[in-house]
$ cat model.cif   # mmCIF, C-alpha atoms
data_coords
#
loop_
_atom_site.group_PDB
_atom_site.id
_atom_site.type_symbol
_atom_site.label_atom_id
_atom_site.label_comp_id
_atom_site.auth_asym_id
_atom_site.auth_seq_id
_atom_site.Cartn_x
_atom_site.Cartn_y
_atom_site.Cartn_z
ATOM 1 C CA MET A 1 19.889 58.248 -208.785
ATOM 2 C CA ASP A 2 21.713 57.187 -205.607
ATOM 3 C CA ASN A 3 21.943 60.824 -204.463
ATOM 4 C CA LEU A 4 18.161 61.313 -204.752
ATOM 5 C CA ILE A 5 17.625 58.993 -201.796
ATOM 6 C CA ASP A 6 19.632 61.387 -199.625
ATOM 7 C CA MET A 7 17.775 64.487 -200.860
ATOM 8 C CA ASP A 8 14.581 66.105 -199.597
ATOM 9 C CA LEU A 9 12.435 65.548 -202.710
ATOM 10 C CA TYR A 10 9.531 67.520 -201.235
ATOM 11 C CA LYS A 11 11.828 70.508 -200.801
ATOM 12 C CA ILE A 12 13.088 70.142 -204.399
ATOM 13 C CA ILE A 13 9.498 70.314 -205.722
ATOM 14 C CA GLY A 14 8.572 72.992 -203.167
ATOM 15 C CA VAL A 15 5.763 71.272 -201.232
ATOM 16 C CA GLU A 16 5.137 69.746 -197.800
ATOM 17 C CA SER A 17 5.395 65.985 -197.257
ATOM 18 C CA THR A 18 1.594 65.883 -196.877
ATOM 19 C CA ALA A 19 0.939 67.423 -200.322
ATOM 20 C CA THR A 20 -1.466 65.704 -202.714
ATOM 21 C CA GLU A 21 -0.433 64.535 -206.179
ATOM 22 C CA LYS A 22 -2.305 67.468 -207.741
ATOM 23 C CA GLU A 23 -0.458 69.937 -205.527
ATOM 24 C CA ILE A 24 2.871 68.299 -206.398
ATOM 25 C CA GLN A 25 2.213 68.532 -210.145
ATOM 26 C CA LYS A 26 1.140 72.167 -209.820
ATOM 27 C CA ALA A 27 4.302 73.023 -207.875
ATOM 28 C CA PHE A 28 6.408 71.162 -210.454
ATOM 29 C CA ARG A 29 4.999 73.187 -213.359
ATOM 30 C CA LYS A 30 5.650 76.412 -211.480
ATOM 31 C CA LYS A 31 9.220 75.521 -210.569
ATOM 32 C CA SER A 32 10.068 74.081 -214.009
ATOM 33 C CA LEU A 33 9.643 77.583 -215.437
ATOM 34 C CA VAL A 34 12.528 78.688 -213.234
ATOM 35 C CA CYS A 35 15.021 75.905 -213.984
ATOM 36 C CA HIS A 36 14.046 74.635 -217.466
ATOM 37 C CA PRO A 37 17.141 74.834 -219.729
ATOM 38 C CA ASP A 38 15.141 76.422 -222.557
ATOM 39 C CA LYS A 39 14.074 79.229 -220.192
ATOM 40 C CA ASN A 40 17.564 79.653 -218.742
ATOM 41 C CA PRO A 41 20.069 79.278 -221.605
ATOM 42 C CA ASN A 42 22.740 81.202 -219.661
ATOM 43 C CA ASN A 43 22.603 78.893 -216.630
ATOM 44 C CA PRO A 44 25.012 75.927 -217.130
ATOM 45 C CA ASN A 45 23.340 74.045 -214.268
ATOM 46 C CA ALA A 46 19.795 74.430 -215.604
ATOM 47 C CA ALA A 47 19.712 71.042 -217.384
ATOM 48 C CA ALA A 48 20.944 69.155 -214.297
ATOM 49 C CA LEU A 49 18.468 70.975 -212.036
ATOM 50 C CA PHE A 50 15.591 70.234 -214.398
ATOM 51 C CA ILE A 51 16.505 66.523 -214.586
ATOM 52 C CA GLU A 52 16.659 66.432 -210.779
ATOM 53 C CA LEU A 53 13.249 68.141 -210.611
ATOM 54 C CA LYS A 54 11.714 65.627 -213.040
ATOM 55 C CA ALA A 55 13.181 62.713 -211.077
ATOM 56 C CA ALA A 56 11.620 64.082 -207.878
ATOM 57 C CA LEU A 57 8.268 64.412 -209.672
ATOM 58 C CA LEU A 58 8.570 60.835 -210.958
ATOM 59 C CA ILE A 59 9.003 59.460 -207.417
ATOM 60 C CA LEU A 60 6.414 61.595 -205.639
ATOM 61 C CA THR A 61 3.634 61.044 -208.217
ATOM 62 C CA ASP A 62 4.067 57.259 -208.232
ATOM 63 C CA THR A 63 2.219 55.764 -205.254
ATOM 64 C CA ALA A 64 4.553 52.811 -204.716
ATOM 65 C CA SER A 65 7.779 54.801 -205.160
ATOM 66 C CA ARG A 66 6.581 57.595 -202.883
ATOM 67 C CA ALA A 67 5.605 55.098 -200.164
ATOM 68 C CA ARG A 68 9.045 53.494 -200.310
ATOM 69 C CA TYR A 69 10.758 56.877 -200.262
ATOM 70 C CA ASP A 70 8.716 58.044 -197.242
ATOM 71 C CA LYS A 71 9.465 54.782 -195.472
ATOM 72 C CA ILE A 72 13.202 55.195 -196.016
ATOM 73 C CA VAL A 73 13.150 58.840 -194.864
ATOM 74 C CA ASN A 74 11.274 57.891 -191.691
ATOM 75 C CA ALA A 75 13.596 54.939 -191.070
ATOM 76 C CA LYS A 76 16.657 57.162 -191.484
ATOM 77 C CA LEU A 77 15.182 59.680 -189.046
ATOM 78 C CA GLN A 78 14.534 56.964 -186.492
ATOM 79 C CA ALA A 79 18.041 55.604 -187.060
ATOM 80 C CA LYS A 80 19.523 59.021 -186.284
ATOM 81 C CA LEU A 81 17.503 59.252 -183.084
ATOM 82 C CA ARG A 82 18.554 55.756 -182.063
ATOM 83 C CA ALA A 83 22.173 56.492 -182.960
ATOM 84 C CA LYS A 84 22.089 59.605 -180.808
ATOM 85 C CA ALA A 85 20.688 57.628 -177.881
ATOM 86 C CA GLY A 86 23.070 54.783 -178.676
ATOM 87 C CA ASP A 87 26.106 57.041 -178.389
ATOM 88 C CA ALA A 88 25.361 57.631 -174.730
ATOM 89 C CA LYS A 89 24.673 53.943 -174.170
ATOM 90 C CA ARG A 90 27.856 52.892 -175.949
ATOM 91 C CA GLN A 91 29.861 55.256 -173.808
ATOM 92 C CA LYS A 92 28.270 53.717 -170.725
ATOM 93 C CA LEU A 93 29.084 50.246 -172.080
ATOM 94 C CA ILE A 94 32.708 51.250 -172.559
ATOM 95 C CA ASN A 95 32.826 52.552 -168.997
ATOM 96 C CA ASP A 96 31.309 49.296 -167.729
ATOM 97 C CA LEU A 97 33.813 47.221 -169.709
ATOM 98 C CA GLU A 98 36.688 49.252 -168.342
ATOM 99 C CA TYR A 99 35.257 48.817 -164.840
ATOM 100 C CA ARG A 100 34.954 45.030 -165.276
ATOM 101 C CA GLU A 101 38.458 44.776 -166.663
ATOM 102 C CA ALA A 102 39.791 46.754 -163.717
ATOM 103 C CA ALA A 103 37.731 44.622 -161.320
ATOM 104 C CA ALA A 104 39.054 41.441 -162.887
ATOM 105 C CA ARG A 105 42.613 42.648 -162.520
ATOM 106 C CA ASN A 106 42.034 43.569 -158.898
ATOM 107 C CA GLY A 107 40.104 40.384 -158.124
ATOM 108 C CA THR A 108 36.862 42.278 -157.358
ATOM 109 C CA PRO A 109 33.718 40.193 -158.205
ATOM 110 C CA ILE A 110 31.282 41.564 -160.847
ATOM 111 C CA ASN A 111 27.659 41.641 -159.697
ATOM 112 C CA GLU A 112 24.685 40.281 -161.724
ATOM 113 C CA GLU A 113 23.288 43.756 -162.421
ATOM 114 C CA GLN A 114 26.397 44.673 -164.366
ATOM 115 C CA ARG A 115 26.189 41.420 -166.346
ATOM 116 C CA PHE A 116 22.535 42.131 -167.222
ATOM 117 C CA LYS A 117 23.347 45.664 -168.399
ATOM 118 C CA ALA A 118 26.124 44.319 -170.606
ATOM 119 C CA THR A 119 23.731 41.798 -172.182
ATOM 120 C CA VAL A 120 21.122 44.503 -172.867
ATOM 121 C CA GLU A 121 23.724 46.689 -174.560
ATOM 122 C CA ARG A 122 24.853 43.808 -176.772
ATOM 123 C CA VAL A 123 21.287 42.979 -177.857
ATOM 124 C CA GLU A 124 20.532 46.634 -178.670
ATOM 125 C CA GLN A 125 23.696 46.852 -180.762
ATOM 126 C CA GLU A 126 22.697 43.745 -182.713
ATOM 127 C CA ASN A 127 19.205 45.188 -183.312
ATOM 128 C CA LEU A 128 20.710 48.444 -184.593
ATOM 129 C CA GLU A 129 22.906 46.568 -187.063
ATOM 130 C CA GLN A 130 19.902 44.533 -188.269
ATOM 131 C CA MET A 131 17.868 47.707 -188.773
ATOM 132 C CA GLN A 132 20.676 49.273 -190.811
ATOM 133 C CA LYS A 133 20.773 46.199 -193.061
ATOM 134 C CA GLU A 134 17.000 46.416 -193.609
ATOM 135 C CA LEU A 135 17.300 50.123 -194.386
ATOM 136 C CA GLU A 136 19.967 49.422 -196.998
ATOM 137 C CA ARG A 137 17.793 46.704 -198.588
ATOM 138 C CA MET A 138 14.823 49.103 -198.850
ATOM 139 C CA ARG A 139 17.105 51.807 -200.252
ATOM 140 C CA GLN A 140 18.305 49.449 -202.987
ATOM 141 C CA GLN A 141 14.703 48.577 -203.909
ATOM 142 C CA VAL A 142 13.871 52.258 -204.408
ATOM 143 C CA ILE A 143 17.020 52.783 -206.515
ATOM 144 C CA ASP A 144 16.101 49.818 -208.744
ATOM 145 C CA GLU A 145 12.582 51.212 -209.151
ATOM 146 C CA LEU A 146 13.924 54.661 -210.036
ATOM 147 C CA ASN A 147 16.330 53.237 -212.617
ATOM 148 C CA LYS A 148 13.499 51.262 -214.210
ATOM 149 C CA ASN A 149 11.161 54.278 -214.346
ATOM 150 C CA ALA A 150 13.954 56.536 -215.622
ATOM 151 C CA LYS A 151 14.642 54.136 -218.512
ATOM 152 C CA ASN A 152 10.948 54.128 -219.473
ATOM 153 C CA ASP A 153 10.852 57.929 -219.198
ATOM 154 C CA GLU A 154 13.844 58.288 -221.544
ATOM 155 C CA ASN A 155 11.953 56.404 -224.266
ATOM 156 C CA LEU A 156 9.455 59.283 -224.338
ATOM 157 C CA CYS A 157 12.268 61.534 -225.584
ATOM 158 C CA ARG A 158 13.983 59.196 -228.086
ATOM 159 C CA ILE A 159 13.517 59.056 -231.865
ATOM 160 C CA LYS A 160 14.879 56.606 -234.429
ATOM 161 C CA ILE A 161 15.957 58.225 -237.703
ATOM 162 C CA LYS A 162 16.338 56.638 -241.169
ATOM 163 C CA TRP A 163 17.357 57.964 -244.588
ATOM 164 C CA LYS A 164 18.699 56.662 -247.900
ATOM 165 C CA ASP A 165 22.453 56.272 -247.884
ATOM 166 C CA ASP A 166 23.057 55.554 -251.580
ATOM 167 C CA LYS A 167 26.325 56.443 -253.308
ATOM 168 C CA ASN A 168 24.430 56.608 -256.613
ATOM 169 C CA ASN A 169 21.980 59.148 -255.220
ATOM 170 C CA SER A 170 21.647 61.746 -257.987
ATOM 171 C CA THR A 171 21.063 64.571 -255.509
ATOM 172 C CA ASN A 172 24.331 63.739 -253.729
ATOM 173 C CA ILE A 173 22.724 64.601 -250.370
ATOM 174 C CA ASN A 174 23.668 62.697 -247.220
ATOM 175 C CA TYR A 175 23.675 63.295 -243.484
ATOM 176 C CA ASP A 176 26.495 63.493 -240.973
ATOM 177 C CA TYR A 177 26.453 64.325 -237.253
ATOM 178 C CA SER A 178 26.785 68.073 -237.796
ATOM 179 C CA THR A 179 23.971 68.260 -240.357
ATOM 180 C CA LEU A 180 21.573 66.154 -238.278
ATOM 181 C CA HIS A 181 22.316 68.112 -235.117
ATOM 182 C CA LYS A 182 21.709 71.424 -236.878
ATOM 183 C CA ILE A 183 18.365 70.228 -238.235
ATOM 184 C CA LEU A 184 17.080 68.562 -235.065
ATOM 185 C CA SER A 185 18.279 71.114 -232.516
ATOM 186 C CA LYS A 186 15.785 73.660 -233.861
ATOM 187 C CA TYR A 187 13.013 71.897 -231.957
ATOM 188 C CA GLY A 188 14.736 72.017 -228.563
ATOM 189 C CA GLN A 189 17.775 70.952 -226.567
ATOM 190 C CA ILE A 190 19.302 67.597 -227.547
ATOM 191 C CA SER A 191 20.812 65.434 -224.800
ATOM 192 C CA ALA A 192 22.280 62.797 -227.159
ATOM 193 C CA LEU A 193 22.660 62.145 -230.892
ATOM 194 C CA VAL A 194 24.218 58.902 -232.132
ATOM 195 C CA LEU A 195 24.858 57.718 -235.690
ATOM 196 C CA SER A 196 24.444 53.961 -236.050
ATOM 197 C CA GLY A 197 27.109 51.682 -237.496
ATOM 198 C CA LYS A 198 24.524 50.832 -240.139
ATOM 199 C CA LYS A 199 24.423 53.435 -242.888
ATOM 200 C CA GLY A 200 21.406 55.697 -242.978
ATOM 201 C CA ARG A 201 20.491 55.177 -239.321
ATOM 202 C CA ALA A 202 20.698 57.382 -236.208
ATOM 203 C CA MET A 203 18.995 58.021 -232.870
ATOM 204 C CA VAL A 204 18.334 61.335 -231.090
ATOM 205 C CA GLN A 205 17.240 61.978 -227.504
ATOM 206 C CA TYR A 206 15.730 65.302 -226.396
ATOM 207 C CA LEU A 207 15.528 66.609 -222.839
ATOM 208 C CA ASP A 208 11.776 67.116 -223.193
ATOM 209 C CA SER A 209 9.180 64.613 -224.464
ATOM 210 C CA ASP A 210 6.979 67.336 -226.007
ATOM 211 C CA THR A 211 9.951 68.533 -228.041
ATOM 212 C CA ALA A 212 10.633 64.977 -229.225
ATOM 213 C CA LYS A 213 7.019 64.489 -230.337
ATOM 214 C CA LEU A 214 7.029 67.779 -232.241
ATOM 215 C CA ALA A 215 10.220 66.804 -234.069
ATOM 216 C CA ALA A 216 8.905 63.308 -234.902
ATOM 217 C CA GLU A 217 5.632 64.663 -236.296
ATOM 218 C CA THR A 218 7.136 67.571 -238.234
ATOM 219 C CA GLU A 219 10.701 67.055 -239.434
ATOM 220 C CA THR A 220 11.257 65.543 -242.906
ATOM 221 C CA GLY A 221 14.899 66.474 -243.507
ATOM 222 C CA LEU A 222 16.571 67.892 -246.597
ATOM 223 C CA SER A 223 14.836 67.897 -249.947
ATOM 224 C CA GLY A 224 16.032 65.095 -252.219
ATOM 225 C CA ASN A 225 16.812 62.743 -249.321
ATOM 226 C CA PRO A 226 14.012 62.895 -246.732
ATOM 227 C CA LEU A 227 14.313 61.693 -243.146
ATOM 228 C CA ILE A 228 11.951 59.159 -241.554
ATOM 229 C CA LEU A 229 11.501 59.792 -237.815
ATOM 230 C CA LYS A 230 9.893 57.246 -235.495
ATOM 231 C CA GLY A 231 9.446 57.926 -231.770
ATOM 232 C CA LEU A 232 10.239 55.066 -229.373
ATOM 233 C CA TRP A 233 7.123 55.910 -227.342
ATOM 234 C CA ASN A 234 5.085 54.665 -230.339
ATOM 235 C CA PRO A 235 7.228 52.179 -232.349
ATOM 236 C CA ASN A 236 4.489 51.500 -234.892
ATOM 237 C CA ASN A 237 3.606 55.182 -235.412
ATOM 238 C CA SER A 238 0.049 56.254 -236.162
ATOM 239 C CA THR A 239 -1.304 55.916 -239.677
ATOM 240 C CA GLN A 240 -2.147 59.594 -239.727
ATOM 241 C CA SER A 241 1.436 60.619 -238.859
ATOM 242 C CA ASN A 242 2.779 58.388 -241.637
ATOM 243 C CA SER A 243 0.329 59.927 -244.070
ATOM 244 C CA ILE A 244 1.451 63.432 -243.099
ATOM 245 C CA ASN A 245 5.128 62.541 -243.450
ATOM 246 C CA GLN A 246 4.519 60.866 -246.836
ATOM 247 C CA GLU A 247 2.687 63.929 -248.075
ATOM 248 C CA SER A 248 5.502 66.182 -246.837
ATOM 249 C CA ASN A 249 8.085 63.935 -248.520
ATOM 250 C CA LYS A 250 6.244 64.169 -251.849
ATOM 251 C CA THR A 251 6.173 67.951 -251.557
ATOM 252 C CA ILE A 252 9.909 68.027 -250.818
ATOM 253 C CA GLN A 253 10.641 65.747 -253.811
ATOM 254 C CA LYS A 254 8.737 68.125 -256.094
ATOM 255 C CA SER A 255 10.589 71.093 -254.630
ATOM 256 C CA SER A 256 13.882 69.321 -255.250
ATOM 257 C CA GLU A 257 13.070 68.745 -258.934
ATOM 258 C CA THR A 258 12.145 72.414 -259.337
ATOM 259 C CA LEU A 259 15.405 73.553 -257.750
ATOM 260 C CA LYS A 260 17.347 71.170 -259.966
ATOM 261 C CA ASN A 261 15.689 72.557 -263.138
ATOM 262 C CA VAL A 262 16.680 76.115 -262.309
ATOM 263 C CA GLY A 263 20.234 75.037 -261.450
ATOM 264 C CA GLN A 264 20.112 75.707 -257.709
ATOM 265 C CA SER A 265 21.878 73.455 -255.186
ATOM 266 C CA SER A 266 19.663 71.892 -252.514
ATOM 267 C CA MET A 267 22.523 72.126 -250.029
ATOM 268 C CA THR A 268 21.968 75.913 -249.856
ATOM 269 C CA ILE A 269 18.437 75.544 -248.457
ATOM 270 C CA ASP A 270 17.822 77.799 -245.496
ATOM 271 C CA PHE A 271 17.185 75.452 -242.567
ATOM 272 C CA GLU A 272 15.022 77.933 -240.655
ATOM 273 C CA GLU A 273 12.666 78.524 -243.586
ATOM 274 C CA MET A 274 12.443 74.808 -244.282
ATOM 275 C CA VAL A 275 11.387 74.002 -240.699
ATOM 276 C CA LEU A 276 8.738 76.721 -240.664
ATOM 277 C CA ALA A 277 7.383 75.506 -244.018
ATOM 278 C CA ASN A 278 7.207 71.925 -242.784
ATOM 279 C CA LEU A 279 5.383 73.014 -239.639
ATOM 280 C CA ARG A 280 2.788 74.899 -241.662
ATOM 281 C CA LYS A 281 2.269 71.962 -244.056
ATOM 282 C CA ALA A 282 1.899 69.472 -241.220
ATOM 283 C CA GLU A 283 -0.634 71.635 -239.375
ATOM 284 C CA GLU A 284 -2.622 72.243 -242.574
ATOM 285 C CA ARG A 285 -2.653 68.523 -243.341
ATOM 286 C CA LYS A 286 -3.872 67.713 -239.803
ATOM 287 C CA ARG A 287 -6.628 70.337 -240.078
ATOM 288 C CA GLN A 288 -7.864 69.036 -243.448
ATOM 289 C CA THR A 289 -7.742 65.431 -242.247
ATOM 290 C CA ASN A 290 -9.777 66.235 -239.119
ATOM 291 C CA LEU A 291 -12.399 68.131 -241.171
ATOM 292 C CA SER A 292 -12.867 65.348 -243.733
ATOM 293 C CA PRO A 293 -15.584 62.784 -242.701
ATOM 294 C CA SER A 294 -13.807 60.038 -244.661
ATOM 295 C CA ASN A 295 -10.298 60.739 -243.351
ATOM 296 C CA LYS A 296 -9.877 57.308 -241.752
ATOM 297 C CA PHE A 297 -10.764 55.511 -244.992
ATOM 298 C CA GLU A 298 -8.443 57.706 -247.057
ATOM 299 C CA THR A 299 -5.588 57.269 -244.563
ATOM 300 C CA LYS A 300 -5.832 53.468 -244.780
ATOM 301 C CA ILE A 301 -5.687 53.606 -248.587
ATOM 302 C CA ASN A 302 -2.575 55.794 -248.412
#

$ encode --input "model.cif" --output "structure tokens"
Amino acid sequence: MDNLIDMDLYKIIGVESTATEKEIQKAFRKKSLVCHPDKNPNNPNAAALFIELKAALLILTDTASRARYDKIVNAKLQAKLRAKAGDAKRQKLINDLEYREAAARNGTPINEEQRFKATVERVEQENLEQMQKELERMRQQVIDELNKNAKNDENLCRIKIKWKDDKNNSTNINYDYSTLHKILSKYGQISALVLSGKKGRAMVQYLDSDTAKLAAETETGLSGNPLILKGLWNPNNSTQSNSINQESNKTIQKSSETLKNVGQSSMTIDFEEMVLANLRKAEERKRQTNLSPSNKFETKIN
């Protein structure tokens, strides 16, 4: 985040500093197609570039953050101009000091004009130092704002995961890091996956919020030991999403019993086919729920 203050965010997005918010968002969508990690799997820097692009969008589409950023950029520009002018003045001050020292050694009196110039140089130097302190204070405010917004933005990509971790589970199905990562990575690129110290708990973070929402609404895990996914952007989850997941879980339980009767092991389930089946079931459930005039009443009963 510190480096963003020193970057030209308008150049990163690909717009002028006078661009409107609509123009910035349009330019962001266009450029994200070029550097999105899903579109550029062979580019190792794609993820970092996309995160940098999203951070620039976050600042430039927030009125307060953009105003602070513009203020800092303008202040830094003015500081450079003053520093350039100050270099010449400082050199003149050094020459004057050397002249006064030489005059003092030789016993030559220093006139009032030289004293006045020395005082002016000292005051200007003090003002420059004060301006630099103010610039640093403003810079820290923007960094704090960015860190706060970045934390809120990460919650849009995070999902809490729960499952039954019972040693007496007759299906003998449990989840480890490798299994969870294989299941969840089908929806998109994962930036972090952590198993909690508490059994049957984990948290996943995707690079993209749309990917996270798709996974939370669709994924139900392995048959015989379903997963419960809850996005941090909506801790309570909607009643309709719960209803869909419950229906999917019931279907998976029935499928598990059928597999058990014919002597097949649930651990040999093809992950790709399972995900596609879950997607179809979820979409069909949503369609039927939206068509039914009494869907809200039925959802509350469930």

$ resolve_selection --input "model.cif" --expression "the PyMOL selection byres ((chain A and resi 156) around 10)" --output "number ranges by chain"
A: 151-155, 157-159, 205-213, 231-234

$ residues_around --input "model.cif" --residues "Tyr69 of chain A" --least-positions-apart "4" --cutoff "9 Å" --atoms "only C-alpha atoms" --output "PDB file with C-alpha atoms, in the frame of the given file"
ATOM      1  CA  ILE A   5      17.625  58.993-201.796  1.00  0.00           C
ATOM      2  CA  ILE A  59       9.003  59.460-207.417  1.00  0.00           C
ATOM      3  CA  LEU A  60       6.414  61.595-205.639  1.00  0.00           C
ATOM      4  CA  ALA A  64       4.553  52.811-204.716  1.00  0.00           C
ATOM      5  CA  SER A  65       7.779  54.801-205.160  1.00  0.00           C
ATOM      6  CA  VAL A  73      13.150  58.840-194.864  1.00  0.00           C
ATOM      7  CA  ASN A  74      11.274  57.891-191.691  1.00  0.00           C
ATOM      8  CA  MET A 138      14.823  49.103-198.850  1.00  0.00           C
ATOM      9  CA  ARG A 139      17.105  51.807-200.252  1.00  0.00           C
ATOM     10  CA  VAL A 142      13.871  52.258-204.408  1.00  0.00           C
TER      11      VAL A 142
END

$ atom_distance --input "model.cif" --atom1 "atom CA of Ser223 of chain A" --atom2 "atom CA of Ser178 of chain A"
17.0 Å

$ atom_distance --input "model.cif" --atom1 "atom CA of Cys35 of chain A" --atom2 "atom CA of Phe50 of chain A"
5.7 Å

$ resolve_selection --input "model.cif" --expression "the PyMOL selection byres ((chain A and resi 62) around 12)" --output "number ranges by chain"
A: 20-21, 24-25, 55-61, 63-70, 142, 145-146, 149

$ closest_residue --input "model.cif" --among "A:His36, A:Lys286, A:Arg122, A:Arg201" --to "Gly188 of chain A" --atoms "only C-alpha atoms"
A:His36

$ atom_distance --input "model.cif" --atom1 "atom CA of Glu217 of chain A" --atom2 "atom CA of Lys199 of chain A"
22.9 Å

$ closest_residue --input "model.cif" --among "A:Ala47, A:Ile183, A:Leu227, A:Ile161" --to "Leu195 of chain A" --atoms "all atoms listed in the file"
A:Ile161

$ closest_residue --input "model.cif" --among "A:Trp163, A:Met203, A:Tyr187, A:Lys26" --to "Pro226 of chain A" --atoms "only C-alpha atoms"
A:Trp163

$ residues_near_point --input "model.cif" --point "(4.8, 71.3, -203.0)" --cutoff "9 Å" --atoms "all atoms listed in the file" --output "list in words"
Tyr10, Lys11, Ile12, Ile13, Gly14, Val15, Glu16, Ser17, Thr18, Ala19, Thr20, Glu23, Ile24, Gln25, Lys26, Ala27 and Phe28 of chain A

$ resolve_selection --input "model.cif" --expression "the PyMOL selection byres ((chain A and resi 80-85) around 12)" --output "list in words"
Val73, Asn74, Ala75, Lys76, Leu77, Gln78, Ala79, Gly86, Asp87, Ala88, Lys89, Arg90, Gln91, Lys92, Glu121, Glu124, Gln125, Asn127, Leu128, Glu129, Met131 and Gln132 of chain A

$ closest_residue --input "model.cif" --among "A:Leu4, A:Asp38, A:Ile94, A:Glu283" --to "Lys54 of chain A" --atoms "all atoms listed in the file"
A:Leu4

$ residues_around --input "model.cif" --residues "His181 of chain A" --least-positions-apart "2" --cutoff "10 Å" --atoms "all atoms listed in the file" --output "list in words"
Tyr175, Asp176, Tyr177, Ser178, Thr179, Ile183, Leu184, Ser185, Lys186, Ile190, Ala192, Leu193, Val194 and Val204 of chain A

$ write_last_selection --input "model.cif" --atoms "C-alpha atoms" --output "compact mmCIF listing (two decimals), keeping the file's coordinate frame"
# COMPACT_ATOMS: atom_id res chain seq x y z
CA TYR A 175 23.68 63.30 -243.48
CA ASP A 176 26.50 63.49 -240.97
CA TYR A 177 26.45 64.32 -237.25
CA SER A 178 26.78 68.07 -237.80
CA THR A 179 23.97 68.26 -240.36
CA ILE A 183 18.36 70.23 -238.24
CA LEU A 184 17.08 68.56 -235.06
CA SER A 185 18.28 71.11 -232.52
CA LYS A 186 15.78 73.66 -233.86
CA ILE A 190 19.30 67.60 -227.55
CA ALA A 192 22.28 62.80 -227.16
CA LEU A 193 22.66 62.14 -230.89
CA VAL A 194 24.22 58.90 -232.13
CA VAL A 204 18.33 61.34 -231.09
